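*Asks:* My structure is stored as final-v4.txt, with compact mmCIF, C-alpha atoms and all ligand atoms.
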```txt
# COMPACT_ATOMS: atom_id res chain seq x y z
CA MET I 1 110.84 95.34 94.12
CA SER I 2 113.59 92.85 95.00
CA TRP I 3 117.11 93.91 95.87
CA ILE I 4 118.58 92.22 92.77
CA LYS I 5 116.00 93.81 90.48
CA GLU I 6 116.73 97.22 92.03
CA ARG I 7 120.48 96.72 91.55
CA ARG I 8 120.05 95.73 87.87
CA LYS I 9 117.80 98.72 87.15
CA GLU I 10 120.18 101.01 89.02
CA LYS I 11 123.19 99.65 87.12
CA TYR I 12 121.68 100.34 83.66
CA TYR I 13 120.15 103.62 84.79
CA ARG I 14 123.60 104.84 85.88
CA LEU I 15 125.26 103.51 82.75
CA ALA I 16 122.68 105.28 80.57
CA LYS I 17 123.30 108.54 82.42
CA LYS I 18 127.06 108.16 82.09
CA GLU I 19 126.97 107.23 78.41
CA GLY I 20 124.36 109.85 77.45
CA TYR I 21 121.47 107.54 76.60
CA ARG I 22 117.92 108.75 77.23
CA SER I 23 116.74 105.44 78.67
CA ARG I 24 118.00 102.16 80.11
CA ALA I 25 116.24 100.51 77.18
CA SER I 26 119.22 101.39 74.95
CA TYR I 27 121.15 98.47 76.45
CA LYS I 28 118.48 95.98 75.41
CA LEU I 29 118.96 96.93 71.75
CA ILE I 30 122.77 97.04 72.12
CA GLN I 31 122.73 93.53 73.62
CA ILE I 32 120.30 92.16 71.02
CA ASN I 33 122.49 93.60 68.26
CA ASP I 34 125.72 92.28 69.82
CA LYS I 35 124.21 88.80 69.71
CA PHE I 36 122.36 88.84 66.37
CA HIS I 37 124.10 91.58 64.31
CA ILE I 38 120.86 92.94 62.89
CA ILE I 39 122.05 96.54 62.37
CA ARG I 40 124.38 97.24 59.43
CA ASP I 41 125.34 100.75 58.39
CA GLY I 42 123.47 102.00 55.33
CA ILE I 43 120.11 100.26 55.79
CA ASN I 44 116.55 101.58 56.33
CA ILE I 45 115.35 101.18 59.95
CA LEU I 46 111.89 101.76 61.48
CA ASP I 47 111.76 102.16 65.30
CA LEU I 48 108.18 101.72 66.60
CA GLY I 49 107.38 103.00 70.09
CA SER I 50 110.57 105.07 70.04
CA SER I 51 110.11 107.65 72.83
CA PRO I 52 112.03 108.84 74.77
CA GLY I 53 114.61 107.74 72.19
CA GLY I 54 117.05 105.26 73.77
CA TRP I 55 116.81 102.80 70.85
CA SER I 56 116.84 105.60 68.28
CA GLN I 57 120.10 106.92 69.76
CA VAL I 58 121.67 103.47 69.29
CA ILE I 59 120.28 103.29 65.73
CA SER I 60 121.68 106.75 64.96
CA GLU I 61 125.15 105.64 66.12
CA LEU I 62 125.17 102.27 64.35
CA ASN I 63 123.46 103.35 61.12
CA PRO I 64 124.89 106.84 60.42
CA HIS I 65 124.72 106.44 56.63
CA GLY I 66 121.30 104.77 56.54
CA LYS I 67 117.76 106.15 56.72
CA ASN I 68 116.08 105.95 60.11
CA LEU I 69 112.46 106.63 61.04
CA ALA I 70 111.06 106.63 64.58
CA VAL I 71 107.35 106.58 65.50
CA ASP I 72 105.50 107.07 68.77
CA ILE I 73 102.16 108.36 70.04
CA ILE I 74 104.05 110.75 72.31
CA PRO I 75 106.68 113.29 71.19
CA MET I 76 110.41 112.50 70.97
CA GLU I 77 113.21 115.05 71.16
CA LYS I 78 115.40 115.34 68.06
CA ILE I 79 118.10 112.75 67.42
CA ASP I 80 120.67 113.19 64.61
CA ASN I 81 119.90 111.18 61.50
CA VAL I 82 116.53 109.97 62.80
CA ASN I 83 113.24 111.39 61.49
CA PHE I 84 110.29 111.25 63.83
CA ILE I 85 106.56 110.85 63.13
CA ARG I 86 103.95 111.06 65.87
CA LYS I 87 101.36 108.42 65.06
CA ASP I 88 99.47 105.49 66.55
CA ILE I 89 100.41 102.14 64.98
CA MET I 90 96.83 100.95 65.52
CA GLU I 91 95.42 103.46 63.01
CA ASN I 92 94.18 101.67 59.89
CA ASP I 93 96.17 103.80 57.48
CA PHE I 94 99.45 103.33 59.39
CA PRO I 95 101.41 101.19 56.86
CA ASP I 96 100.28 103.25 53.82
CA PHE I 97 100.93 106.52 55.64
CA ILE I 98 104.48 105.47 56.61
CA LEU I 99 105.22 104.25 53.10
CA SER I 100 103.98 107.52 51.59
CA LYS I 101 106.12 109.60 53.97
CA PHE I 102 109.30 107.46 53.88
CA GLY I 103 109.09 106.47 50.24
CA GLU I 104 110.83 103.10 50.65
CA LYS I 105 110.46 99.86 52.56
CA PHE I 106 112.64 98.94 55.55
CA ASN I 107 115.44 96.39 56.04
CA LEU I 108 114.84 96.31 59.79
CA ILE I 109 111.72 97.02 61.86
CA LEU I 110 111.94 97.22 65.65
CA SER I 111 109.09 97.47 68.15
CA ASP I 112 109.56 98.16 71.85
CA ILE I 113 105.85 99.01 72.26
CA LEU I 114 103.98 97.92 75.34
CA MET I 115 100.57 99.05 76.61
CA LYS I 116 100.34 100.23 80.21
CA THR I 117 100.43 97.04 82.31
CA SER I 118 97.46 96.32 84.61
CA GLY I 119 99.07 93.86 87.00
CA ASP I 120 96.79 91.10 85.70
CA SER I 121 99.36 88.92 83.92
CA ASN I 122 96.85 87.18 81.62
CA ARG I 123 95.38 90.45 80.49
CA ASP I 124 98.80 92.08 80.03
CA HIS I 125 99.99 89.07 78.02
CA ALA I 126 96.88 89.17 75.79
CA ASN I 127 97.38 92.90 75.18
CA SER I 128 101.01 92.37 74.27
CA TYR I 129 99.98 89.59 71.85
CA PHE I 130 97.51 91.99 70.23
CA ILE I 131 100.23 94.63 69.76
CA ALA I 132 102.85 92.14 68.55
CA LYS I 133 100.35 90.77 66.01
CA ARG I 134 99.69 94.29 64.75
CA VAL I 135 103.45 94.88 64.42
CA PHE I 136 103.84 91.63 62.44
CA ASP I 137 100.99 92.69 60.12
CA ILE I 138 102.63 96.09 59.62
CA ALA I 139 105.97 94.37 58.92
CA LEU I 140 104.41 92.23 56.19
CA LYS I 141 103.59 95.49 54.37
CA LEU I 142 106.69 97.52 55.18
CA LEU I 143 109.62 95.08 55.23
CA GLU I 144 111.96 94.62 52.27
CA LYS I 145 112.49 91.04 51.13
CA ASN I 146 115.06 89.39 53.46
CA GLY I 147 114.44 92.11 56.07
CA HIS I 148 114.32 91.41 59.81
CA LEU I 149 111.86 92.23 62.61
CA VAL I 150 112.30 92.57 66.39
CA VAL I 151 109.11 92.71 68.50
CA LYS I 152 108.68 93.03 72.25
CA MET I 153 106.09 90.76 73.87
CA LEU I 154 105.20 89.56 77.35
CA GLN I 155 105.73 85.82 77.26
CA GLY I 156 102.72 83.55 77.76
CA ASP I 157 100.48 80.95 76.12
CA LEU I 158 99.98 83.01 72.97
CA THR I 159 103.68 83.45 72.20
CA GLN I 160 104.06 80.14 70.36
CA GLN I 161 100.75 80.75 68.56
CA LEU I 162 102.06 84.08 67.27
CA ILE I 163 105.32 82.48 66.10
CA LYS I 164 103.37 79.72 64.36
CA GLU I 165 101.07 82.25 62.66
CA TYR I 166 103.95 84.19 61.12
CA SER I 167 106.68 81.58 60.65
CA LYS I 168 105.62 81.00 57.03
CA TYR I 169 106.64 84.56 56.18
CA PHE I 170 110.18 84.35 57.64
CA ARG I 171 113.25 82.12 57.25
CA GLU I 172 113.62 81.75 61.01
CA ILE I 173 111.99 83.06 64.21
CA LYS I 174 113.76 83.13 67.59
CA ILE I 175 113.07 84.43 71.08
CA THR I 176 115.66 86.36 73.06
CA LYS I 177 115.87 88.06 76.42
CA PRO I 178 118.78 90.50 76.74
CA PRO I 179 120.68 90.50 80.06
CA SER I 180 119.54 94.07 80.80
CA SER I 181 115.88 92.95 80.78
CA SER I 182 114.77 92.03 84.29
CA PRO I 183 114.70 88.23 84.72
CA ARG I 184 111.51 88.62 86.76
CA SER I 185 109.71 90.40 83.94
CA PRO I 186 107.93 88.24 81.31
CA GLU I 187 109.29 90.63 78.66
CA ILE I 188 110.93 88.90 75.70
CA TYR I 189 111.87 89.92 72.17
CA ILE I 190 110.78 87.91 69.15
CA LEU I 191 113.26 88.06 66.28
CA ALA I 192 112.01 87.19 62.82
CA PHE I 193 114.80 86.84 60.24
CA GLY I 194 114.65 86.87 56.47
CA PHE I 195 111.22 88.09 55.35
CA SER I 196 110.13 86.06 52.35
CA GLY I 197 108.60 89.11 50.61
CA SER I 198 105.09 90.36 50.00
C1 LIG U 1 109.04 101.00 76.55
S1 LIG U 1 108.68 102.50 75.71
C2 LIG U 1 109.89 102.51 74.43
C3 LIG U 1 111.27 102.92 74.89
C4 LIG U 1 112.19 103.19 73.72
N1 LIG U 1 112.46 101.98 72.95
C5 LIG U 1 113.50 103.77 74.17
O1 LIG U 1 114.53 103.12 73.99
O2 LIG U 1 113.51 104.90 74.65
C6 LIG U 1 107.23 102.11 74.80
C7 LIG U 1 106.73 103.22 73.91
O3 LIG U 1 105.66 102.72 73.11
C8 LIG U 1 104.80 103.81 72.83
N2 LIG U 1 103.50 103.32 72.34
C9 LIG U 1 102.53 102.66 73.05
N3 LIG U 1 101.47 102.38 72.28
C10 LIG U 1 101.77 102.87 71.01
C11 LIG U 1 101.06 102.89 69.77
N4 LIG U 1 99.84 102.35 69.68
N5 LIG U 1 101.65 103.46 68.70
C12 LIG U 1 102.89 104.01 68.80
N6 LIG U 1 103.61 104.02 69.97
C13 LIG U 1 103.06 103.46 71.06
C14 LIG U 1 104.71 104.53 74.16
O4 LIG U 1 104.27 105.86 73.99
C15 LIG U 1 106.16 104.42 74.67
O5 LIG U 1 106.89 105.59 74.37
```
Would you put the structure from the file into structure tokens?

*Replies:*
Amino acid sequence: MSWIKERRKEKYYRLAKKEGYRSRASYKLIQINDKFHIIRDGINILDLGSSPGGWSQVISELNPHGKNLAVDIIPMEKIDNVNFIRKDIMENDFPDFILSKFGEKFNLILSDILMKTSGDSNRDHANSYFIAKRVFDIALKLLEKNGHLVVKMLQGDLTQQLIKEYSKYFREIKITKPPSSSPRSPEIYILAFGFSGS
């Protein structure tokens, strides 16, 4: 790992420790929200791939009067004002199950999910496309009209294809890379604004 990359990781690791966040990832959501203002207090938020809970902590702080649900295949320790369900988003019944448990649709869906990387960039990119596509399909079933979606992906040839596939369902789709995300990592976040409704 390069010196600069080490320093960046170290900086956010220390900051997270100091500010009581469970992971450095919290700063990615804070920076995305500072730029795009996607979190308003009082809304319904779904956090996919939530463990260990860095994003859910930020959601709990910024949406104290809303309803927040976090989901992961591994456990997550309790966070105030965030309910947790342990479930795999790839299971066929996922959208119906979440709807039956939560009872309402969501104004904002976030996904920080990534499969274990293999080191083969083409393969890792294809896997991340597969996950991002699944998250978009889930969002089409679980988002409120005018709701927003944030999805992590590893950038590559299929990124524009994904955006093209789903652009008809949203007012606008953008790509962002928060400063706390390593510039040497292909990780990006796709933001889809204003769901047209199902
Ligand atoms: C980068 S971590 C998320 C970090 C989190 N946003 C935070 O701030 O602490 C990715 C998470 O996605 C979860 N994950 C991977 N595949 C999943 C799946 N199919 N369904 C649900 N969660 C999954 C992993 O267990 C892991 O906890």

*Asks:* Counting all atoms listed in the file, give me one row per residue of chain I with an atom at most 9 Å from an atom of ligand LIG 1 (chain U), showing the shortest contact pair and its distance in Å to one decimal, sorted by chain then residue number, as JSON lines.

*Replies:*
```
{"residue": "I:Tyr21", "atom": "CA", "partner": "U:LIG1", "partner_atom": "O2", "distance": 8.6}
{"residue": "I:Arg22", "atom": "CA", "partner": "U:LIG1", "partner_atom": "O2", "distance": 6.4}
{"residue": "I:Ser23", "atom": "CA", "partner": "U:LIG1", "partner_atom": "O2", "distance": 5.2}
{"residue": "I:Arg24", "atom": "CA", "partner": "U:LIG1", "partner_atom": "O1", "distance": 7.1}
{"residue": "I:Ala25", "atom": "CA", "partner": "U:LIG1", "partner_atom": "O1", "distance": 4.5}
{"residue": "I:Ser26", "atom": "CA", "partner": "U:LIG1", "partner_atom": "O1", "distance": 5.1}
{"residue": "I:Tyr27", "atom": "CA", "partner": "U:LIG1", "partner_atom": "O1", "distance": 8.5}
{"residue": "I:Lys28", "atom": "CA", "partner": "U:LIG1", "partner_atom": "O1", "distance": 8.3}
{"residue": "I:Leu29", "atom": "CA", "partner": "U:LIG1", "partner_atom": "O1", "distance": 7.9}
{"residue": "I:Asp47", "atom": "CA", "partner": "U:LIG1", "partner_atom": "N1", "distance": 7.7}
{"residue": "I:Leu48", "atom": "CA", "partner": "U:LIG1", "partner_atom": "N6", "distance": 6.1}
{"residue": "I:Gly49", "atom": "CA", "partner": "U:LIG1", "partner_atom": "O3", "distance": 3.5}
{"residue": "I:Ser50", "atom": "CA", "partner": "U:LIG1", "partner_atom": "C4", "distance": 4.4}
{"residue": "I:Ser51", "atom": "CA", "partner": "U:LIG1", "partner_atom": "O5", "distance": 4.1}
{"residue": "I:Pro52", "atom": "CA", "partner": "U:LIG1", "partner_atom": "O2", "distance": 4.2}
{"residue": "I:Gly53", "atom": "CA", "partner": "U:LIG1", "partner_atom": "O2", "distance": 3.9}
{"residue": "I:Gly54", "atom": "CA", "partner": "U:LIG1", "partner_atom": "O1", "distance": 3.3}
{"residue": "I:Trp55", "atom": "CA", "partner": "U:LIG1", "partner_atom": "O1", "distance": 3.9}
{"residue": "I:Ser56", "atom": "CA", "partner": "U:LIG1", "partner_atom": "O1", "distance": 6.6}
{"residue": "I:Gln57", "atom": "CA", "partner": "U:LIG1", "partner_atom": "O1", "distance": 8.0}
{"residue": "I:Val58", "atom": "CA", "partner": "U:LIG1", "partner_atom": "O1", "distance": 8.6}
{"residue": "I:Val71", "atom": "CA", "partner": "U:LIG1", "partner_atom": "C12", "distance": 6.1}
{"residue": "I:Asp72", "atom": "CA", "partner": "U:LIG1", "partner_atom": "N6", "distance": 3.8}
{"residue": "I:Ile73", "atom": "CA", "partner": "U:LIG1", "partner_atom": "N6", "distance": 4.6}
{"residue": "I:Ile74", "atom": "CA", "partner": "U:LIG1", "partner_atom": "O4", "distance": 5.2}
{"residue": "I:Pro75", "atom": "CA", "partner": "U:LIG1", "partner_atom": "O4", "distance": 8.3}
{"residue": "I:Met76", "atom": "CA", "partner": "U:LIG1", "partner_atom": "O5", "distance": 8.5}
{"residue": "I:Arg86", "atom": "CA", "partner": "U:LIG1", "partner_atom": "C12", "distance": 7.7}
{"residue": "I:Lys87", "atom": "CA", "partner": "U:LIG1", "partner_atom": "C12", "distance": 6.0}
{"residue": "I:Asp88", "atom": "CA", "partner": "U:LIG1", "partner_atom": "N5", "distance": 3.7}
{"residue": "I:Ile89", "atom": "CA", "partner": "U:LIG1", "partner_atom": "N5", "distance": 4.1}
{"residue": "I:Met90", "atom": "CA", "partner": "U:LIG1", "partner_atom": "N4", "distance": 5.3}
{"residue": "I:Glu91", "atom": "CA", "partner": "U:LIG1", "partner_atom": "N4", "distance": 8.1}
{"residue": "I:Leu110", "atom": "CA", "partner": "U:LIG1", "partner_atom": "N1", "distance": 8.7}
{"residue": "I:Ser111", "atom": "CA", "partner": "U:LIG1", "partner_atom": "N1", "distance": 7.4}
{"residue": "I:Asp112", "atom": "CA", "partner": "U:LIG1", "partner_atom": "N1", "distance": 4.9}
{"residue": "I:Ile113", "atom": "CA", "partner": "U:LIG1", "partner_atom": "O3", "distance": 3.8}
{"residue": "I:Leu114", "atom": "CA", "partner": "U:LIG1", "partner_atom": "C6", "distance": 5.3}
{"residue": "I:Met115", "atom": "CA", "partner": "U:LIG1", "partner_atom": "C9", "distance": 5.4}
{"residue": "I:Lys116", "atom": "CA", "partner": "U:LIG1", "partner_atom": "C9", "distance": 7.9}
{"residue": "I:Ile131", "atom": "CA", "partner": "U:LIG1", "partner_atom": "N4", "distance": 7.7}
```

*Asks:* In Å, with one decimal, what is the gap from atom CA of Ser167 of chain I to atom CA of Ser196 of chain I?

*Replies:* 10.0 Å

*Asks:* Glu144 of chain I: which residues within 7 Å, counting only C-alpha atoms, same-chain residues fewer than 4 positions away excluded, as a compact mmCIF listing (two decimals) with C-alpha atoms, in the coordinates of the input?

*Replies:*
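Below is the file out18.txt, written as the result:
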```txt
# COMPACT_ATOMS: atom_id res chain seq x y z
CA LYS I 105 110.46 99.86 52.56
CA PHE I 106 112.64 98.94 55.55
CA ASN I 107 115.44 96.39 56.04
CA GLY I 197 108.60 89.11 50.61
```

*Asks:* What is the distance, in Å and to one decimal place, between atom CA of Ile38 of chain I and atom CA of Thr117 of chain I?

*Replies:*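 So the two atoms, atom CA of Ile38 of chain I and atom CA of Thr117 of chain I, lie 28.5 Å apart.
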
*Asks:* Which polymer residues have any atom within 7 Å of an atom of Leu108 of chain I, counting all atoms listed in the file, with same-chain residues fewer than 5 positions away left out, as an mmCIF file with C-alpha atoms, in the frame of the given file?

*Replies:*
```
data_model
loop_
_atom_site.group_PDB
_atom_site.id
_atom_site.type_symbol
_atom_site.label_atom_id
_atom_site.label_comp_id
_atom_site.auth_asym_id
_atom_site.auth_seq_id
_atom_site.Cartn_x
_atom_site.Cartn_y
_atom_site.Cartn_z
ATOM 1 C CA ASN I 44 116.550 101.580 56.330
ATOM 2 C CA ILE I 45 115.350 101.180 59.950
ATOM 3 C CA LEU I 46 111.890 101.760 61.480
ATOM 4 C CA GLY I 147 114.440 92.110 56.070
ATOM 5 C CA HIS I 148 114.320 91.410 59.810
ATOM 6 C CA LEU I 149 111.860 92.230 62.610
#
```

*Asks:* Of the candidates I:Ala16, I:Asn146, I:Lys141, I:Phe136, which shows the shortest atom-to-atom distance to Glu165 of chain I, using all atoms listed in the file?

*Replies:*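 Of the candidates, the smallest distance to Glu165 of chain I is held by I:Phe136.
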
*Asks:* Restricting the calculation to all atoms listed in the file: of I:Asp137, I:Pro64, I:Ile85, I:Arg184, which residue gets closest to Lys101 of chain I?

*Replies:*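 Between I:Asp137, I:Pro64, I:Ile85, I:Arg184, the residue approaching Lys101 of chain I most closely is I:Ile85.
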
*Asks:* From the options I:Asn83, I:Asn92, I:Pro186, I:Leu69, which residue's atoms come nearest to Asn122 of chain I, counting only C-alpha atoms?

*Replies:* I:Pro186

*Asks:* What does the structure give for the distance between atom CA of Phe170 of chain I and atom CA of Leu191 of chain I, in Å to one decimal?

*Replies:* 9.9 Å

*Asks:* When distances are computed from only C-alpha atoms, which of I:Leu142, I:Val82, I:Leu99, I:Ile190 shows the smallest separation from Pro178 of chain I?

*Replies:*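 Nearest candidate to Pro178 of chain I out of I:Leu142, I:Val82, I:Leu99, I:Ile190: I:Ile190.
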
*Asks:* Return the single residue from I:Val135, I:Leu154, I:Ile39, I:Leu143 that is closest to Ser121 of chain I, with distances computed using only C-alpha atoms.

*Replies:* I:Leu154

*Asks:* Of the candidates I:Ile188, I:Ile175, I:Ala139, I:Met153, which shows the shortest atom-to-atom distance to Ile109 of chain I, using all atoms listed in the file?

*Replies:*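 Result for the nearest residue to Ile109 of chain I: I:Ala139.
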
*Asks:* List every protein, DNA or RNA residue that has at least one atom no more than 6 Å from (115.0, 86.4, 63.2) in the file's coordinates, counting only C-alpha atoms, and write the result as a list in words.

*Replies:*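 In the file's frame, the residues around the point are Glu172, Ile173, Lys174, Leu191, Ala192 and Phe193 of chain I.
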